[in-house]
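Everything below concerns the one structure shown next.
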Amino acid sequence: MAAGAAAGSASPGASDRVEREWSLDELAAAYAYPEPDRHGGEAWLRANMVSTLDGAAQYEGRSQPISGAADMRIFGTLRALADVVVVGAQTVRKEGYRPARARAEFAAARQAAGQGPAPAIAVVSASLELDFSLPLFTAPLVPTLVLTGAAADRDRIAAAERAGARVVIAGNGTEVDPARAVRALAGLGHTRLLTEGGPRLLGRFVAAGVLDELCLTLSPMLTAGNAQRIADGPPVAVPRRFELVSLLTEAGYLFARYRRS
């Protein structure tokens with residue numbers, strides 16, 4: 001893995017470019033969440049997404065075909081750093097989400113940070129049309145959270161709770177309000193937030209102005225077709241500017257990390 005310490009320093013021929021595979025400890029240090037005094041001690045929402053060269057966030061409805069080994073190594077590292085992984089219900093269905101697993105390589109660091117053995121999964125759903133018999137709900141290391149609105153179907157809420165999930169109300173109607181969801185998770189002690197999409201959920205976080213950081217993998221693939229972009233939904237009134245803070249590369253993939261300006 002080649003690495004640049006800052007924007008521009010990972011360009012071909014740069015004098016400080018280093019060609020080697022980074023260890024998990026080095027990746028964890030490179031992707032560490034900012035210290036609380038950098039963002040007022042509130043929750044920090046990071047997104048991790050992958051896109052092809054022509055802007056597709058999926059192939060045949062799933063992100064796995066456009067990913068790769070290095071992307072999955074960073075994916076695992078970002079999960080190991082997070083308190084909770086926030087994901088949309090449609091992505092849970094399409095990607096076959098399972099509970100986050102404990103990683104021995106990160107056990108000491110998580111314990112030192114006051115975290116549980118693995119991040120919780122928080123599923124955002126208005127309809128709660130989810131299969132609550134899946135291991136995601138019945139057998140996680142830490143209880144799965146379900147974020148929904150106050151007007152959600154009572155029977156579906158009861159079904160989620162019977163399966164062992166913790167239901168969190170984060171909206172006045174059936175829909176989840178993105179800013180309220182972030183505050184609700186922070187209220188539960190989850191300040192290191194990671195969202196893995198899908199595109200519709202990320203689009204809502206972007207539109208609400210609550211996304212702090214984007215970790216974007218650029219896959220060296222072309223798919224054409226009509227796949228979604230990494231963020232979907234209505235446009236923001238004014239484009240939001242983020243700054244590039246790091247850039248890594250391996251096997252033709254680029255791993256960019258952007259923070260809001």
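Letters A, B, ... go to the chains of the structure tokens in the order shown; residues in each chain start at 1; ligands are counted from 1 in the same order.
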For A:Val50, find every residue with an atom within 9 Å (counting only C-alpha atoms), except residues of its own chain fewer than 6 positions away, and show them as a ChimeraX atom specification. /A:56-58,63,66-67,71,215-219,230
I'd like to know which residues of stretch 33-223 of chain A are strand (DSSP E or B) (by DSSP, run on the backbone); could you write them as a count of residues only? 40
As JSON, numbers by chain, please: the residues near A:Val176 (cut-off 8 Å, only C-alpha atoms, same-chain neighbours under 3 positions excluded). {"A": [124, 125, 126, 147, 148, 149, 169, 170, 171, 172, 173, 180, 181]}
Atoms kept (N, CA and C atoms) for selection, written as a compact mmCIF listing (two decimals), in the first residue's frame:
```
# COMPACT_ATOMS: atom_id res chain seq x y z
N VAL A 124 -31.60 1.74 10.13
CA VAL A 124 -32.57 2.82 9.95
C VAL A 124 -33.72 2.31 9.10
N SER A 125 -34.93 2.36 9.64
CA SER A 125 -36.08 1.82 8.91
C SER A 125 -37.36 2.55 9.32
N ALA A 126 -38.12 2.99 8.33
CA ALA A 126 -39.43 3.60 8.60
C ALA A 126 -40.50 2.52 8.73
N LEU A 147 -33.44 2.18 14.41
CA LEU A 147 -33.84 3.58 14.44
C LEU A 147 -35.09 3.76 13.59
N THR A 148 -36.13 4.33 14.16
CA THR A 148 -37.38 4.52 13.43
C THR A 148 -38.08 5.76 13.97
N GLY A 149 -39.26 6.05 13.39
CA GLY A 149 -40.01 7.23 13.81
C GLY A 149 -41.06 6.90 14.85
N ILE A 169 -36.34 5.78 18.95
CA ILE A 169 -37.19 6.70 18.21
C ILE A 169 -36.38 7.94 17.84
N ALA A 170 -36.34 8.24 16.54
CA ALA A 170 -35.52 9.36 16.06
C ALA A 170 -36.26 10.14 14.97
N GLY A 171 -37.54 10.35 15.18
CA GLY A 171 -38.34 11.11 14.22
C GLY A 171 -39.76 11.22 14.70
N ASN A 172 -40.47 12.26 14.26
CA ASN A 172 -41.84 12.47 14.73
C ASN A 172 -42.86 11.65 13.96
N GLY A 173 -42.62 11.41 12.67
CA GLY A 173 -43.54 10.60 11.87
C GLY A 173 -43.03 9.18 11.80
N ARG A 180 -31.59 14.07 14.30
CA ARG A 180 -32.09 13.50 15.55
C ARG A 180 -31.49 12.11 15.78
N ALA A 181 -31.27 11.36 14.71
CA ALA A 181 -30.65 10.04 14.85
C ALA A 181 -29.24 10.16 15.42
```
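Atom pair atom CA of A:Glu161 / atom CA of A:Arg62 has a distance of 28.4 Å (rounded to one decimal).
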Got a sec: who's within 9 Å of A:Ala207, counting only C-alpha atoms, leaving out chain neighbours fewer than 5 positions off, as a compact mmCIF listing (two decimals) with N, CA, C and O atoms, in the first residue's frame?
```txt
# COMPACT_ATOMS: atom_id res chain seq x y z
N LEU A 202 -27.13 7.74 2.94
CA LEU A 202 -26.04 8.70 2.90
C LEU A 202 -26.53 10.02 2.33
O LEU A 202 -26.16 11.10 2.82
N GLY A 233 -30.66 11.13 -3.69
CA GLY A 233 -31.70 11.94 -3.08
C GLY A 233 -31.68 13.35 -3.62
O GLY A 233 -30.94 13.66 -4.56
N PRO A 234 -32.47 14.24 -3.04
CA PRO A 234 -32.54 15.62 -3.54
C PRO A 234 -31.22 16.34 -3.34
O PRO A 234 -30.49 16.06 -2.39
N PRO A 235 -30.89 17.28 -4.24
CA PRO A 235 -29.62 18.00 -4.11
C PRO A 235 -29.65 18.99 -2.96
O PRO A 235 -30.71 19.46 -2.54
N VAL A 236 -28.48 19.30 -2.44
CA VAL A 236 -28.38 20.35 -1.42
C VAL A 236 -28.45 21.69 -2.11
O VAL A 236 -28.17 21.82 -3.32
N ALA A 237 -28.82 22.73 -1.37
CA ALA A 237 -28.97 24.06 -1.95
C ALA A 237 -27.63 24.59 -2.47
O ALA A 237 -27.56 25.21 -3.54
```
Can you work out the spacing between atom CA of A:Leu188 and atom CA of A:Phe75 in Å, to one decimal? 23.8 Å
Based on the backbone DSSP call, show me all residues of stretch 59-147 of chain A assigned alpha helix (DSSP H), as a ChimeraX atom specification. /A:69-81,89-95,107-112,135-138
Save out the residues we just selected, N, CA, C and O atoms, as a tab-separated table (two decimals), in the first residue's frame.
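And here is the file that came out, part-v1.tsv:
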```tsv
chain	number	residue	atom	x	y	z
A	69	ALA	N	-9.49	-6.68	-1.78
A	69	ALA	CA	-8.90	-7.10	-0.51
A	69	ALA	C	-8.48	-5.92	0.36
A	69	ALA	O	-8.74	-5.88	1.56
A	70	ALA	N	-7.82	-4.92	-0.24
A	70	ALA	CA	-7.39	-3.77	0.54
A	70	ALA	C	-8.59	-2.96	1.04
A	70	ALA	O	-8.59	-2.46	2.16
A	71	ASP	N	-9.61	-2.85	0.21
A	71	ASP	CA	-10.83	-2.16	0.61
A	71	ASP	C	-11.47	-2.85	1.81
A	71	ASP	O	-11.92	-2.19	2.76
A	72	MET	N	-11.49	-4.16	1.80
A	72	MET	CA	-12.08	-4.89	2.92
A	72	MET	C	-11.22	-4.76	4.18
A	72	MET	O	-11.75	-4.80	5.29
A	73	ARG	N	-9.90	-4.62	4.02
A	73	ARG	CA	-9.04	-4.42	5.19
A	73	ARG	C	-9.34	-3.07	5.85
A	73	ARG	O	-9.42	-2.97	7.08
A	74	ILE	N	-9.54	-2.06	5.02
A	74	ILE	CA	-9.91	-0.75	5.57
A	74	ILE	C	-11.33	-0.78	6.12
A	74	ILE	O	-11.60	-0.21	7.19
A	75	PHE	N	-12.23	-1.48	5.44
A	75	PHE	CA	-13.60	-1.65	5.93
A	75	PHE	C	-13.59	-2.23	7.34
A	75	PHE	O	-14.26	-1.73	8.25
A	76	GLY	N	-12.80	-3.27	7.55
A	76	GLY	CA	-12.72	-3.90	8.87
A	76	GLY	C	-12.11	-2.98	9.91
A	76	GLY	O	-12.53	-2.96	11.07
A	77	THR	N	-11.11	-2.19	9.50
A	77	THR	CA	-10.47	-1.26	10.42
A	77	THR	C	-11.45	-0.17	10.85
A	77	THR	O	-11.54	0.17	12.04
A	78	LEU	N	-12.20	0.38	9.90
A	78	LEU	CA	-13.16	1.43	10.24
A	78	LEU	C	-14.24	0.91	11.18
A	78	LEU	O	-14.65	1.61	12.12
A	79	ARG	N	-14.67	-0.31	10.97
A	79	ARG	CA	-15.65	-0.91	11.89
A	79	ARG	C	-15.05	-1.07	13.28
A	79	ARG	O	-15.71	-0.83	14.29
A	80	ALA	N	-13.80	-1.49	13.33
A	80	ALA	CA	-13.16	-1.72	14.63
A	80	ALA	C	-12.97	-0.44	15.42
A	80	ALA	O	-12.85	-0.48	16.64
A	81	LEU	N	-12.95	0.70	14.75
A	81	LEU	CA	-12.79	1.98	15.42
A	81	LEU	C	-14.11	2.57	15.89
A	81	LEU	O	-14.14	3.45	16.74
A	89	ALA	N	-32.13	0.10	5.94
A	89	ALA	CA	-32.81	-1.19	5.90
A	89	ALA	C	-32.64	-1.89	4.56
A	89	ALA	O	-32.46	-3.12	4.50
A	90	GLN	N	-32.69	-1.13	3.46
A	90	GLN	CA	-32.55	-1.75	2.15
A	90	GLN	C	-31.17	-2.37	1.97
A	90	GLN	O	-31.03	-3.44	1.39
A	91	THR	N	-30.15	-1.72	2.50
A	91	THR	CA	-28.80	-2.27	2.43
A	91	THR	C	-28.69	-3.54	3.27
A	91	THR	O	-28.02	-4.51	2.88
A	92	VAL	N	-29.34	-3.55	4.43
A	92	VAL	CA	-29.36	-4.76	5.26
A	92	VAL	C	-29.95	-5.93	4.47
A	92	VAL	O	-29.42	-7.05	4.50
A	93	ARG	N	-31.03	-5.67	3.73
A	93	ARG	CA	-31.67	-6.74	2.96
A	93	ARG	C	-30.79	-7.20	1.80
A	93	ARG	O	-30.60	-8.40	1.59
A	94	LYS	N	-30.25	-6.25	1.04
A	94	LYS	CA	-29.49	-6.59	-0.16
A	94	LYS	C	-28.14	-7.22	0.15
A	94	LYS	O	-27.70	-8.14	-0.54
A	95	GLU	N	-27.46	-6.69	1.16
A	95	GLU	CA	-26.10	-7.12	1.45
A	95	GLU	C	-26.05	-8.28	2.45
A	95	GLU	O	-24.97	-8.80	2.74
A	107	ALA	N	-8.91	-5.85	20.02
A	107	ALA	CA	-9.56	-6.03	21.32
A	107	ALA	C	-8.98	-5.10	22.38
A	107	ALA	O	-9.72	-4.44	23.13
A	108	ALA	N	-7.66	-5.01	22.47
A	108	ALA	CA	-7.04	-4.17	23.51
A	108	ALA	C	-7.35	-2.70	23.28
A	108	ALA	O	-7.64	-1.97	24.23
A	109	ALA	N	-7.31	-2.27	22.02
A	109	ALA	CA	-7.58	-0.86	21.72
A	109	ALA	C	-9.02	-0.50	22.04
A	109	ALA	O	-9.30	0.58	22.56
A	110	ARG	N	-9.96	-1.41	21.73
A	110	ARG	CA	-11.36	-1.13	22.02
A	110	ARG	C	-11.59	-1.08	23.53
A	110	ARG	O	-12.33	-0.22	24.02
A	111	GLN	N	-10.97	-1.97	24.25
A	111	GLN	CA	-11.12	-1.97	25.70
A	111	GLN	C	-10.56	-0.67	26.29
A	111	GLN	O	-11.18	-0.05	27.17
A	112	ALA	N	-9.40	-0.25	25.80
A	112	ALA	CA	-8.78	0.98	26.30
A	112	ALA	C	-9.63	2.21	25.99
A	112	ALA	O	-9.63	3.19	26.75
A	135	PRO	N	-29.67	-13.53	12.34
A	135	PRO	CA	-28.67	-13.38	13.41
A	135	PRO	C	-28.36	-11.93	13.76
A	135	PRO	O	-27.95	-11.65	14.89
A	136	LEU	N	-28.52	-11.02	12.80
A	136	LEU	CA	-28.29	-9.61	13.08
A	136	LEU	C	-29.10	-9.15	14.28
A	136	LEU	O	-28.66	-8.29	15.06
A	137	PHE	N	-30.29	-9.72	14.46
A	137	PHE	CA	-31.16	-9.33	15.55
A	137	PHE	C	-31.15	-10.33	16.72
A	137	PHE	O	-31.30	-9.93	17.87
A	138	THR	N	-30.96	-11.59	16.41
A	138	THR	CA	-31.08	-12.61	17.46
A	138	THR	C	-29.77	-13.00	18.11
A	138	THR	O	-29.78	-13.55	19.22
```
Using Å and a single decimal, report how far atom CA of A:Gly96 sits from atom CA of A:Val167. 20.2 Å
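The smallest atom-to-atom distance between A:Leu211 and any of A:Pro119, A:Gly187, A:Gly197, A:Pro65, using only C-alpha atoms, is found for A:Gly197.
For the choices A:Phe205, A:Trp44, A:Tyr59, A:Tyr31, the atom-to-atom distance to A:Asn226 is smallest for A:Tyr59 when using only C-alpha atoms.
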